[in-house]
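The data block below is data.cif; it holds mmCIF, C-alpha atoms.
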```
data_coords
#
loop_
_atom_site.label_atom_id
_atom_site.label_comp_id
_atom_site.auth_asym_id
_atom_site.auth_seq_id
_atom_site.Cartn_x
_atom_site.Cartn_y
_atom_site.Cartn_z
CA MET T 896 4.74 -80.69 3.87
CA LYS T 897 6.00 -79.04 0.70
CA LYS T 898 2.57 -79.12 -0.90
CA GLN T 899 1.05 -77.46 2.15
CA LEU T 900 3.53 -74.59 2.01
CA ILE T 901 2.91 -74.08 -1.70
CA LEU T 902 -0.84 -74.05 -1.02
CA PHE T 903 -0.36 -71.48 1.72
CA ARG T 904 1.85 -69.28 -0.44
CA SER T 905 -0.32 -69.54 -3.55
CA PHE T 906 -3.54 -68.70 -1.75
CA PHE T 907 -1.87 -65.87 0.12
CA VAL T 908 -0.77 -64.32 -3.18
CA ILE T 909 -4.06 -65.01 -5.00
CA SER T 910 -6.08 -63.51 -2.17
CA ALA T 911 -3.81 -60.47 -1.99
CA VAL T 912 -4.12 -59.62 -5.68
CA THR T 913 -7.78 -60.43 -6.44
CA LEU T 914 -9.84 -57.48 -5.29
CA GLY T 915 -13.32 -58.46 -4.19
CA GLY T 916 -12.44 -62.16 -3.98
CA GLY T 917 -14.96 -64.84 -4.87
CA LEU T 918 -15.11 -66.40 -8.30
CA ALA T 919 -12.57 -63.87 -9.60
CA MET T 920 -10.00 -66.19 -8.02
CA VAL T 921 -10.94 -69.17 -10.19
CA PRO T 922 -8.88 -68.45 -13.33
CA VAL T 923 -5.79 -67.71 -11.23
CA ILE T 924 -6.22 -70.92 -9.22
CA GLN T 925 -6.70 -72.85 -12.44
CA LYS T 926 -3.45 -71.50 -13.82
CA GLU T 927 -1.54 -72.25 -10.62
CA PHE T 928 -2.81 -75.75 -9.80
CA THR T 929 -3.92 -77.33 -13.08
CA GLU T 930 -1.44 -75.78 -15.51
CA LYS T 931 1.65 -75.10 -13.43
CA HIS T 932 1.68 -77.81 -10.75
CA LYS T 933 -0.72 -80.25 -12.48
CA TRP T 934 -2.20 -81.26 -9.11
CA LEU T 935 -5.80 -80.82 -10.24
CA SER T 936 -7.62 -81.83 -13.41
CA GLU T 937 -10.12 -79.62 -15.21
CA GLU T 938 -12.86 -81.89 -13.80
CA ASP T 939 -11.58 -81.37 -10.25
CA MET T 940 -11.77 -77.64 -10.83
CA ALA T 941 -15.35 -77.87 -12.15
CA ASP T 942 -16.34 -79.99 -9.12
CA ILE T 943 -14.82 -77.45 -6.75
CA ILE T 944 -16.79 -74.60 -8.33
CA ALA T 945 -20.02 -76.62 -8.22
CA VAL T 946 -19.66 -77.56 -4.54
CA THR T 947 -18.64 -74.00 -3.68
CA GLN T 948 -21.82 -72.60 -5.15
CA SER T 949 -24.05 -74.95 -3.22
CA SER T 950 -22.32 -74.52 0.13
CA PRO T 951 -22.72 -71.87 2.79
CA GLY T 952 -19.92 -69.46 3.61
CA ILE T 953 -17.55 -67.19 1.78
CA ILE T 954 -16.79 -68.35 -1.76
CA ALA T 955 -13.09 -67.54 -1.54
CA SER T 956 -12.54 -69.58 1.61
CA ASN T 957 -14.69 -72.43 0.29
CA ILE T 958 -12.55 -72.57 -2.85
CA ALA T 959 -9.38 -72.49 -0.75
CA VAL T 960 -10.60 -75.29 1.54
CA LEU T 961 -11.76 -77.53 -1.33
CA THR T 962 -8.63 -76.98 -3.44
CA GLY T 963 -6.40 -77.53 -0.41
CA TYR T 964 -8.25 -80.74 0.44
CA ARG T 965 -7.98 -82.16 -3.08
CA VAL T 966 -4.28 -81.36 -3.27
CA ALA T 967 -3.08 -82.35 0.19
CA GLY T 968 -5.93 -83.57 2.41
CA VAL T 969 -7.26 -81.93 5.56
CA SER T 970 -3.99 -80.21 6.45
CA GLY T 971 -3.88 -78.81 2.91
CA ALA T 972 -7.33 -77.35 3.44
CA PHE T 973 -6.19 -75.56 6.59
CA PHE T 974 -3.02 -74.17 5.04
CA ALA T 975 -4.92 -72.90 2.00
CA ALA T 976 -7.64 -71.30 4.15
CA ILE T 977 -5.12 -69.54 6.39
CA GLY T 978 -3.21 -68.32 3.34
CA ALA T 979 -6.38 -66.92 1.80
CA SER T 980 -7.48 -65.25 5.05
CA LEU T 981 -4.25 -63.49 5.95
CA PRO T 982 -4.14 -60.69 3.33
CA PRO T 983 -7.67 -59.44 4.10
CA PHE T 984 -6.94 -59.80 7.81
CA ILE T 985 -3.74 -57.75 7.65
CA SER T 986 -5.16 -55.05 5.39
CA MET T 987 -8.36 -54.62 7.40
CA VAL T 988 -6.54 -54.48 10.75
CA ILE T 989 -4.33 -51.72 9.37
CA LEU T 990 -7.36 -49.89 7.97
CA ALA T 991 -9.41 -50.28 11.15
CA SER T 992 -6.60 -48.90 13.28
CA LEU T 993 -6.25 -45.88 10.98
CA PHE T 994 -9.89 -45.28 10.18
CA HIS T 995 -11.09 -43.83 13.47
CA SER T 996 -8.62 -41.01 13.10
CA LEU T 997 -10.23 -40.02 9.79
CA SER T 998 -11.94 -36.69 10.27
CA SER T 999 -15.70 -36.54 9.94
CA SER T 1000 -15.62 -33.20 8.16
CA GLU T 1001 -18.37 -32.07 5.78
CA THR T 1002 -16.17 -32.85 2.75
CA VAL T 1003 -15.39 -36.40 3.90
CA ASN T 1004 -19.10 -36.96 4.52
CA HIS T 1005 -19.96 -35.81 1.02
CA ILE T 1006 -17.32 -38.02 -0.58
CA PHE T 1007 -18.61 -41.05 1.30
CA THR T 1008 -22.22 -40.24 0.41
CA GLY T 1009 -21.20 -40.43 -3.25
CA VAL T 1010 -19.32 -43.68 -2.63
CA ARG T 1011 -22.40 -45.19 -0.94
CA ALA T 1012 -24.55 -44.20 -3.92
CA ALA T 1013 -22.02 -45.99 -6.15
CA ILE T 1014 -22.21 -49.10 -3.95
CA CYS T 1015 -26.02 -49.09 -4.41
CA ALA T 1016 -25.54 -49.08 -8.17
CA LEU T 1017 -22.87 -51.81 -8.08
CA ILE T 1018 -25.05 -54.12 -6.00
CA LEU T 1019 -28.12 -53.37 -8.13
CA ALA T 1020 -26.16 -54.20 -11.27
CA ALA T 1021 -25.19 -57.55 -9.71
CA VAL T 1022 -28.85 -58.19 -8.81
CA ILE T 1023 -29.95 -57.41 -12.39
CA ARG T 1024 -27.35 -59.80 -13.79
CA MET T 1025 -28.32 -62.57 -11.35
CA THR T 1026 -32.05 -62.10 -11.99
CA LYS T 1027 -31.65 -63.38 -15.52
CA LYS T 1028 -30.02 -66.56 -14.27
CA ILE T 1029 -32.13 -67.23 -11.18
CA ILE T 1030 -35.70 -66.09 -11.86
CA LYS T 1031 -37.13 -68.73 -14.17
CA GLY T 1032 -40.81 -68.73 -13.21
CA ARG T 1033 -43.50 -67.70 -10.77
CA PHE T 1034 -42.05 -69.73 -7.89
CA GLU T 1035 -38.67 -67.95 -7.99
CA LEU T 1036 -40.32 -64.57 -8.45
CA ILE T 1037 -42.55 -65.03 -5.38
CA LEU T 1038 -39.59 -66.10 -3.23
CA ALA T 1039 -37.48 -63.17 -4.43
CA LEU T 1040 -40.30 -60.74 -3.59
CA PHE T 1041 -40.78 -62.47 -0.23
CA GLY T 1042 -37.08 -62.02 0.57
CA PHE T 1043 -37.07 -58.41 -0.61
CA ILE T 1044 -40.17 -57.28 1.28
CA GLY T 1045 -39.40 -59.34 4.38
CA MET T 1046 -35.90 -57.88 4.62
CA LEU T 1047 -37.14 -54.35 3.95
CA PHE T 1048 -39.61 -54.57 6.81
CA ASN T 1049 -37.06 -55.86 9.29
CA MET T 1050 -37.70 -59.58 9.30
CA ASN T 1051 -34.57 -61.44 10.35
CA GLY T 1052 -32.48 -62.31 7.26
CA ILE T 1053 -31.43 -65.69 8.65
CA TRP T 1054 -35.06 -66.72 9.11
CA LEU T 1055 -35.85 -65.61 5.58
CA VAL T 1056 -33.09 -67.91 4.30
CA VAL T 1057 -34.39 -70.82 6.41
CA ILE T 1058 -38.02 -70.31 5.31
CA SER T 1059 -37.08 -70.05 1.63
CA GLY T 1060 -34.97 -73.22 1.89
CA ILE T 1061 -37.95 -75.08 3.37
CA SER T 1062 -40.19 -73.69 0.61
CA GLY T 1063 -37.77 -74.91 -2.05
CA LEU T 1064 -37.74 -78.38 -0.52
CA SER T 1065 -41.53 -78.61 -0.12
CA PHE T 1066 -42.15 -77.27 -3.61
CA ALA T 1067 -39.83 -79.93 -5.08
CA LEU T 1068 -41.53 -82.70 -3.07
CA PHE T 1069 -44.99 -81.41 -4.01
CA ARG T 1070 -44.10 -81.35 -7.70
CA LYS T 1071 -42.76 -84.89 -7.49
CA LYS T 1072 -45.95 -86.12 -5.84
CA LYS T 1073 -48.03 -84.44 -8.51
CA GLU T 1074 -45.97 -86.07 -11.25
CA ALA T 1075 -46.32 -89.45 -9.55
CA ALA T 1076 -50.11 -89.00 -9.39
CA LYS T 1077 -50.31 -88.45 -13.12
CA MET E 1034 -13.81 -62.25 26.75
CA THR E 1035 -17.33 -63.59 26.54
CA HIS E 1036 -18.11 -60.70 24.19
CA ILE E 1037 -15.30 -61.82 21.87
CA LEU E 1038 -16.66 -65.37 21.83
CA TYR E 1039 -20.09 -63.98 21.11
CA ILE E 1040 -18.67 -61.97 18.19
CA TYR E 1041 -17.03 -65.14 16.88
CA TRP E 1042 -20.35 -67.00 17.13
CA LEU E 1043 -22.26 -64.20 15.37
CA PHE E 1044 -19.92 -64.41 12.38
CA VAL E 1045 -20.12 -68.22 12.32
CA LYS E 1046 -23.91 -67.87 12.21
CA ILE E 1047 -23.78 -65.30 9.40
CA GLY E 1048 -21.36 -67.53 7.45
CA LEU E 1049 -23.59 -70.58 7.86
CA PHE E 1050 -26.56 -68.86 6.28
CA THR E 1051 -24.73 -67.12 3.44
CA PHE E 1052 -25.27 -68.80 0.10
CA GLY E 1053 -23.82 -67.56 -3.15
CA GLY E 1054 -21.00 -65.34 -1.93
CA GLY E 1055 -20.27 -61.89 -3.25
CA TYR E 1056 -22.88 -59.54 -1.90
CA ALA E 1057 -24.92 -62.33 -0.28
CA MET E 1058 -23.37 -61.66 3.12
CA ILE E 1059 -24.39 -58.00 3.17
CA PRO E 1060 -28.10 -58.41 4.07
CA LEU E 1061 -27.20 -60.82 6.88
CA PHE E 1062 -24.70 -58.34 8.30
CA GLN E 1063 -27.47 -55.75 8.16
CA THR E 1064 -29.90 -58.04 9.98
CA GLU E 1065 -27.55 -59.16 12.73
CA LEU E 1066 -24.99 -56.40 13.19
CA VAL E 1067 -26.74 -53.20 12.10
CA GLU E 1068 -30.37 -53.84 13.11
CA ARG E 1069 -30.21 -56.31 15.95
CA HIS E 1070 -27.00 -55.55 17.82
CA GLN E 1071 -26.35 -52.06 16.49
CA PHE E 1072 -22.60 -52.57 16.44
CA ILE E 1073 -22.36 -50.20 13.52
CA SER E 1074 -24.60 -47.69 11.75
CA ASN E 1075 -26.03 -48.43 8.33
CA ALA E 1076 -24.06 -45.55 6.77
CA ASN E 1077 -20.79 -46.69 8.33
CA PHE E 1078 -21.43 -50.24 7.20
CA ALA E 1079 -21.92 -48.99 3.64
CA ASN E 1080 -18.57 -47.15 3.90
CA ILE E 1081 -16.87 -50.37 5.00
CA VAL E 1082 -18.40 -52.29 2.09
CA ALA E 1083 -16.97 -49.65 -0.25
CA ILE E 1084 -13.53 -49.88 1.36
CA ALA E 1085 -13.74 -53.69 1.38
CA GLN E 1086 -14.16 -53.62 -2.41
CA MET E 1087 -10.87 -51.82 -2.81
CA THR E 1088 -8.79 -53.97 -0.46
CA PRO E 1089 -7.55 -57.53 -0.98
CA GLY E 1090 -9.94 -60.34 -0.15
CA PRO E 1091 -13.67 -60.99 -0.20
CA VAL E 1092 -16.10 -58.30 0.95
CA GLY E 1093 -17.62 -60.47 3.69
CA MET E 1094 -14.30 -61.39 5.22
CA ASN E 1095 -13.07 -57.82 5.14
CA ALA E 1096 -16.20 -56.47 6.80
CA ALA E 1097 -16.09 -59.21 9.46
CA THR E 1098 -12.45 -58.41 10.25
CA TYR E 1099 -13.15 -54.70 10.45
CA ILE E 1100 -16.22 -54.99 12.69
CA GLY E 1101 -14.42 -57.61 14.81
CA TYR E 1102 -11.57 -55.14 15.32
CA GLN E 1103 -13.93 -52.41 16.52
CA GLN E 1104 -15.75 -54.77 18.88
CA GLY E 1105 -12.44 -56.08 20.22
CA VAL E 1106 -11.40 -52.54 21.11
CA ILE E 1107 -14.74 -51.95 22.86
CA ALA E 1108 -14.60 -55.22 24.80
CA LEU E 1109 -10.93 -55.47 25.76
CA GLY E 1110 -9.42 -52.10 24.88
CA ASP E 1111 -9.18 -50.97 28.53
CA VAL E 1112 -7.43 -54.14 29.65
CA LEU E 1113 -5.09 -54.94 26.76
CA GLY E 1114 -4.68 -51.62 24.96
CA THR E 1115 -6.25 -50.63 21.66
CA TYR E 1116 -4.17 -52.56 19.11
CA PRO E 1117 -3.90 -55.97 20.82
CA ALA E 1118 -7.59 -55.86 21.72
CA GLY E 1119 -8.49 -54.88 18.17
CA CYS E 1120 -6.40 -57.71 16.73
CA ILE E 1121 -8.09 -60.29 18.96
CA GLY E 1122 -11.51 -59.00 17.89
CA ALA E 1123 -10.44 -58.99 14.23
CA MET E 1124 -9.27 -62.59 14.58
CA ALA E 1125 -12.66 -63.55 16.04
CA GLY E 1126 -14.33 -61.96 13.01
CA THR E 1127 -12.08 -63.58 10.38
CA LEU E 1128 -12.12 -67.01 12.01
CA GLY E 1129 -15.87 -66.76 12.44
CA VAL E 1130 -16.65 -66.33 8.75
CA VAL E 1131 -14.07 -68.99 7.74
CA THR E 1132 -15.33 -71.59 10.24
CA PRO E 1133 -18.27 -72.82 8.08
CA SER E 1134 -15.85 -73.47 5.19
CA LEU E 1135 -13.42 -75.32 7.43
CA THR E 1136 -16.07 -77.47 9.09
CA LEU E 1137 -19.19 -78.00 6.96
CA VAL E 1138 -17.67 -77.65 3.51
CA LEU E 1139 -14.63 -79.71 4.44
CA ALA E 1140 -16.89 -82.39 5.94
CA ALA E 1141 -18.97 -82.40 2.76
CA ALA E 1142 -15.78 -82.80 0.71
CA VAL E 1143 -14.53 -85.66 2.89
CA PHE E 1144 -17.73 -87.61 3.37
CA LEU E 1145 -20.06 -86.76 0.52
CA ALA E 1146 -18.36 -86.78 -2.83
CA ALA E 1147 -21.68 -86.20 -4.58
CA PHE E 1148 -22.91 -83.47 -2.25
CA GLN E 1149 -23.89 -81.05 -5.01
CA GLU E 1150 -25.71 -83.85 -6.87
CA ASN E 1151 -27.94 -84.56 -3.87
CA LYS E 1152 -31.54 -83.82 -4.86
CA TYR E 1153 -32.49 -82.48 -1.41
CA VAL E 1154 -29.57 -80.07 -1.41
CA LYS E 1155 -30.63 -78.96 -4.88
CA ALA E 1156 -34.26 -78.49 -3.79
CA VAL E 1157 -33.33 -76.41 -0.72
CA LEU E 1158 -31.02 -74.25 -2.82
CA SER E 1159 -33.71 -73.74 -5.47
CA GLY E 1160 -35.64 -71.87 -2.77
CA ILE E 1161 -32.72 -70.05 -1.15
CA ARG E 1162 -31.23 -68.64 -4.38
CA PRO E 1163 -34.21 -66.48 -5.43
CA ALA E 1164 -34.87 -65.36 -1.84
CA MET E 1165 -31.21 -64.36 -1.50
CA LEU E 1166 -31.68 -62.23 -4.60
CA GLY E 1167 -34.53 -60.41 -2.84
CA LEU E 1168 -32.43 -59.96 0.29
CA ILE E 1169 -29.59 -58.43 -1.70
CA GLY E 1170 -32.12 -56.21 -3.47
CA ALA E 1171 -33.27 -54.94 -0.08
CA ALA E 1172 -29.63 -54.17 0.79
CA VAL E 1173 -29.64 -51.73 -2.14
CA ILE E 1174 -32.54 -49.86 -0.50
CA PHE E 1175 -30.79 -49.83 2.88
CA PHE E 1176 -27.70 -48.28 1.37
CA ALA E 1177 -29.81 -45.86 -0.70
CA ASN E 1178 -31.39 -44.74 2.59
CA THR E 1179 -27.95 -43.49 3.66
CA SER E 1180 -27.08 -41.77 0.40
CA ILE E 1181 -29.77 -41.10 -2.20
CA PHE E 1182 -32.76 -40.68 0.16
CA THR E 1183 -32.81 -38.26 3.07
CA ALA E 1184 -35.12 -40.51 5.12
CA PRO E 1185 -35.68 -44.28 4.94
CA LEU E 1186 -37.79 -45.26 1.92
CA GLN E 1187 -39.83 -47.59 4.16
CA SER E 1188 -41.12 -44.56 6.08
CA ILE E 1189 -42.22 -42.62 2.97
CA PHE E 1190 -45.91 -42.84 3.99
CA THR E 1191 -45.49 -42.13 7.69
CA ARG E 1192 -42.83 -39.40 7.52
CA PHE E 1193 -43.41 -37.93 4.10
CA SER E 1194 -42.28 -34.42 5.00
CA GLU E 1195 -38.77 -35.63 5.90
CA PHE E 1196 -38.41 -37.59 2.70
CA GLY E 1197 -36.22 -36.15 -0.01
CA ILE E 1198 -33.72 -37.12 -2.66
CA SER E 1199 -30.13 -35.95 -2.99
CA TRP E 1200 -29.76 -35.22 -6.70
CA GLN E 1201 -25.98 -35.44 -6.45
CA ALA E 1202 -26.16 -38.98 -5.08
CA LEU E 1203 -28.88 -39.94 -7.56
CA LEU E 1204 -26.74 -38.72 -10.44
CA ILE E 1205 -23.74 -40.75 -9.27
CA PHE E 1206 -25.99 -43.80 -8.75
CA ALA E 1207 -27.40 -43.55 -12.29
CA ALA E 1208 -23.97 -43.01 -13.85
CA VAL E 1209 -22.38 -45.95 -12.02
CA LEU E 1210 -25.32 -48.24 -12.84
CA PHE E 1211 -25.06 -47.35 -16.51
CA ILE E 1212 -21.28 -47.82 -16.61
CA GLU E 1213 -21.44 -51.10 -14.67
CA LEU E 1214 -24.13 -52.63 -16.89
CA LYS E 1215 -22.70 -51.37 -20.15
CA TYR E 1216 -18.95 -51.69 -19.68
CA LYS E 1217 -16.81 -53.62 -17.23
CA VAL E 1218 -14.72 -51.02 -15.44
CA ASN E 1219 -12.31 -51.82 -12.62
CA ILE E 1220 -14.22 -51.42 -9.35
CA PHE E 1221 -11.33 -49.48 -7.82
CA PHE E 1222 -11.72 -46.68 -10.36
CA VAL E 1223 -15.52 -46.72 -10.04
CA ILE E 1224 -15.34 -46.09 -6.29
CA ILE E 1225 -12.54 -43.51 -6.42
CA GLY E 1226 -14.30 -41.80 -9.34
CA SER E 1227 -17.63 -41.57 -7.55
CA GLY E 1228 -15.94 -40.17 -4.44
CA LEU E 1229 -14.32 -37.47 -6.55
CA ALA E 1230 -17.57 -36.78 -8.40
CA ALA E 1231 -19.40 -36.38 -5.08
CA TRP E 1232 -16.76 -33.98 -3.82
CA LEU E 1233 -17.20 -31.80 -6.93
CA LEU E 1234 -21.01 -32.07 -7.16
CA TYR E 1235 -21.62 -31.14 -3.52
CA MET E 1236 -19.51 -28.01 -3.99
CA LEU E 1237 -21.96 -26.70 -6.60
#
```
Can you present the structure in this file as C-alpha cells?
Amino acid sequence: MKKQLILFRSFFVISAVTLGGGLAMVPVIQKEFTEKHKWLSEEDMADIIAVTQSSPGIIASNIAVLTGYRVAGVSGAFFAAIGASLPPFISMVILASLFHSLSSSETVNHIFTGVRAAICALILAAVIRMTKKIIKGRFELILALFGFIGMLFNMNGIWLVVISGISGLSFALFRKKKEAAK
Amino acid sequence: MTHILYIYWLFVKIGLFTFGGGYAMIPLFQTELVERHQFISNANFANIVAIAQMTPGPVGMNAATYIGYQQGVIALGDVLGTYPAGCIGAMAGTLGVVTPSLTLVLAAAVFLAAFQENKYVKAVLSGIRPAMLGLIGAAVIFFANTSIFTAPLQSIFTRFSEFGISWQALLIFAAVLFIELKYKVNIFFVIIGSGLAAWLLYML
C-alpha cells in the first residue's frame, strides 16, 4: 500500500507543478522513480514513453497509468491516475465557478482577443516543429492536407482520424505486397 | 442524469481518438463540442485553451473539466444547486478523458508487452500522425477566426464584404510566433504578455 500512496502523492505534485502537462512531466518522473526510489530502470522509462506515444488518450494520464502499473500493478495505475487528475480537476472547478462572474466588458474582450491570437501562434509553432518530424514524403503530406481541409470544411474529426488510420494500414500492406512481388 | 452520462461518453469518445497529446485533443473538441453539440462557442473555447495553458495539468483534461462543469450546471443546477451540479459535471469530464488511459492503455500494458512494436499498430499510426497534424493546423484557423479575422476564413469567397483582419491581433500573432520559434519563453508569460499587449494596442 505504501507504494500506491507514494505514486498518488508524486503524481499529484508532478501534475500540479508542470504547466501544460504531457511530455514535460517525463524528466520529473524520471528523477522521482528511477533516481530517487529506483523502482524503474531507464529502459522502463523509455518503454513507457514509446507506448504513451502510440496510445490514444491524454499523454499525462497515459504516463501516470503506465508508471503506476510498472511500479505497483493495476492498483498502482489507479492511484497514479487519480493523483495526476486531481490538481487539474480542483483548479478548473475553482476557475469554472468564478469565470461566469467575469464581466464581458469591451476591455476584457480585447484582452482575450489578443490571448486567442497568441494561442493561434503557439499552436502553429507546435505544428511547424512537428512537421519536420512527421512529414517525410508524399504520403504524409497528402494525409496532412486531407486532415486540414476536411477539418476546415466541417468533416467530423473522429472520422478523419479513423479514415487516416485505415489509409496508413492499407498503404503499409500495399507496399509490402509490392515488395513481395519484386 | 442521462445528460451527465452522455457528457461522460462524449469525453471518452474524444479521448479514444486523440493520438499524440498536447494540442491533438483541440480539433476533436471543436468537432464534437463546438460544432456538433454547440456546448460552447469557438471564441469561448479558445479562451479556455488559453486558461488551461496557465493552470496545472494537461490542456485536454482542463478543458474537459471546465466544459463538464458548465454542462453539469445546465443539467442539474436546478435540482442540486450550482456548485454540486457543476462538480458532478466536472467529474464526468475528467473521468471521461482519463477512461481510455485506464482501460485501453492499461490493458495494452497488462496483455501486450510489445504493443508499440506491433507492425499493424505502427502502420495505423503512420496514417494518423500526419492527419492529426492537419487537424491541429485547422484548429489554428478556427481560433484565428475568433481573433485575427473578422469573419471565418472559410467564407472568404461567399461573404467577402464581411471579411477583415484585426491588425492588433495579427501583430500579437506574428510576435508570439517569432518568439516561440526563436526562443523558448515560459508560456505563462507569453499569454499574460499578449493579453497586456492587446489591452494597450486596442486603446490606440
Starting from chain T, keep only residues with some atom at most 6 Å from an atom of chain E, counting all atoms listed in the file, and report them as a compact mmCIF listing (two decimals) with C-alpha atoms, in the coordinates of the input.
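Result written to result27.txt:
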```
# COMPACT_ATOMS: atom_id res chain seq x y z
CA SER T 910 -6.08 -63.51 -2.17
CA ALA T 911 -3.81 -60.47 -1.99
CA LEU T 914 -9.84 -57.48 -5.29
CA GLY T 915 -13.32 -58.46 -4.19
CA GLY T 916 -12.44 -62.16 -3.98
CA VAL T 946 -19.66 -77.56 -4.54
CA GLN T 948 -21.82 -72.60 -5.15
CA PRO T 951 -22.72 -71.87 2.79
CA GLY T 952 -19.92 -69.46 3.61
CA ILE T 953 -17.55 -67.19 1.78
CA ILE T 954 -16.79 -68.35 -1.76
CA ASN T 957 -14.69 -72.43 0.29
CA PRO T 983 -7.67 -59.44 4.10
CA MET T 987 -8.36 -54.62 7.40
CA ALA T 991 -9.41 -50.28 11.15
CA ILE T 1006 -17.32 -38.02 -0.58
CA THR T 1008 -22.22 -40.24 0.41
CA GLY T 1009 -21.20 -40.43 -3.25
CA VAL T 1010 -19.32 -43.68 -2.63
CA ARG T 1011 -22.40 -45.19 -0.94
CA ALA T 1012 -24.55 -44.20 -3.92
CA ALA T 1013 -22.02 -45.99 -6.15
CA CYS T 1015 -26.02 -49.09 -4.41
CA ALA T 1016 -25.54 -49.08 -8.17
CA GLU T 1035 -38.67 -67.95 -7.99
CA LEU T 1038 -39.59 -66.10 -3.23
CA ALA T 1039 -37.48 -63.17 -4.43
CA LEU T 1040 -40.30 -60.74 -3.59
CA GLY T 1042 -37.08 -62.02 0.57
CA PHE T 1043 -37.07 -58.41 -0.61
CA MET T 1046 -35.90 -57.88 4.62
CA LEU T 1047 -37.14 -54.35 3.95
CA ASN T 1051 -34.57 -61.44 10.35
CA GLY T 1052 -32.48 -62.31 7.26
CA VAL T 1056 -33.09 -67.91 4.30
CA SER T 1059 -37.08 -70.05 1.63
CA GLY T 1060 -34.97 -73.22 1.89
CA SER T 1062 -40.19 -73.69 0.61
CA GLY T 1063 -37.77 -74.91 -2.05
CA LEU T 1064 -37.74 -78.38 -0.52
CA ALA T 1067 -39.83 -79.93 -5.08
```
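In this model, the gap between CA of His1036 (chain E) and CA of Ile1107 (chain E) comes to 9.5 Å.
Compared by their closest atoms to Asp942 (chain T), and using all atoms listed in the file, the residues T:Glu1074, T:Thr929, T:Leu961, T:Ser905 rank with T:Leu961 nearest.
From CA of Tyr964 (chain T) back to CA of Ile944 (chain T), the distance works out to 13.7 Å.
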Checklist outcome for this item: note - CA of Pro1117 (chain E) and CA of Gly1105 (chain E) are separated by 8.6 Å
Checklist entry - What residues come out when you apply the PyMOL selection byres ((chain T and resi 966-979) around 6) to this file, written as an MDAnalysis selection string? => result chainID T and resid 899 902:903 906:907 910 956 959:960 963:965 980:981
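Proximity to Gln1104 (chain E) was assessed for E:Asn1151, E:Asn1075, E:Thr1035, E:Thr1191 counting only C-alpha atoms; the smallest distance is recorded for E:Thr1035.
Between Met1034 (chain E) and the residues E:Gly1114, E:Ala1125, E:Phe1196, E:Ser1074, the shortest atom-to-atom distance, using all atoms listed in the file, involves E:Ala1125.
Using all atoms listed in the file, the protein and nucleic acid residues lying no more than 7 Å from Gly1129 (chain E), apart from those fewer than 6 places from it along its own chain, are Tyr1041, Trp1042, Phe1044 and Val1045 of chain E.
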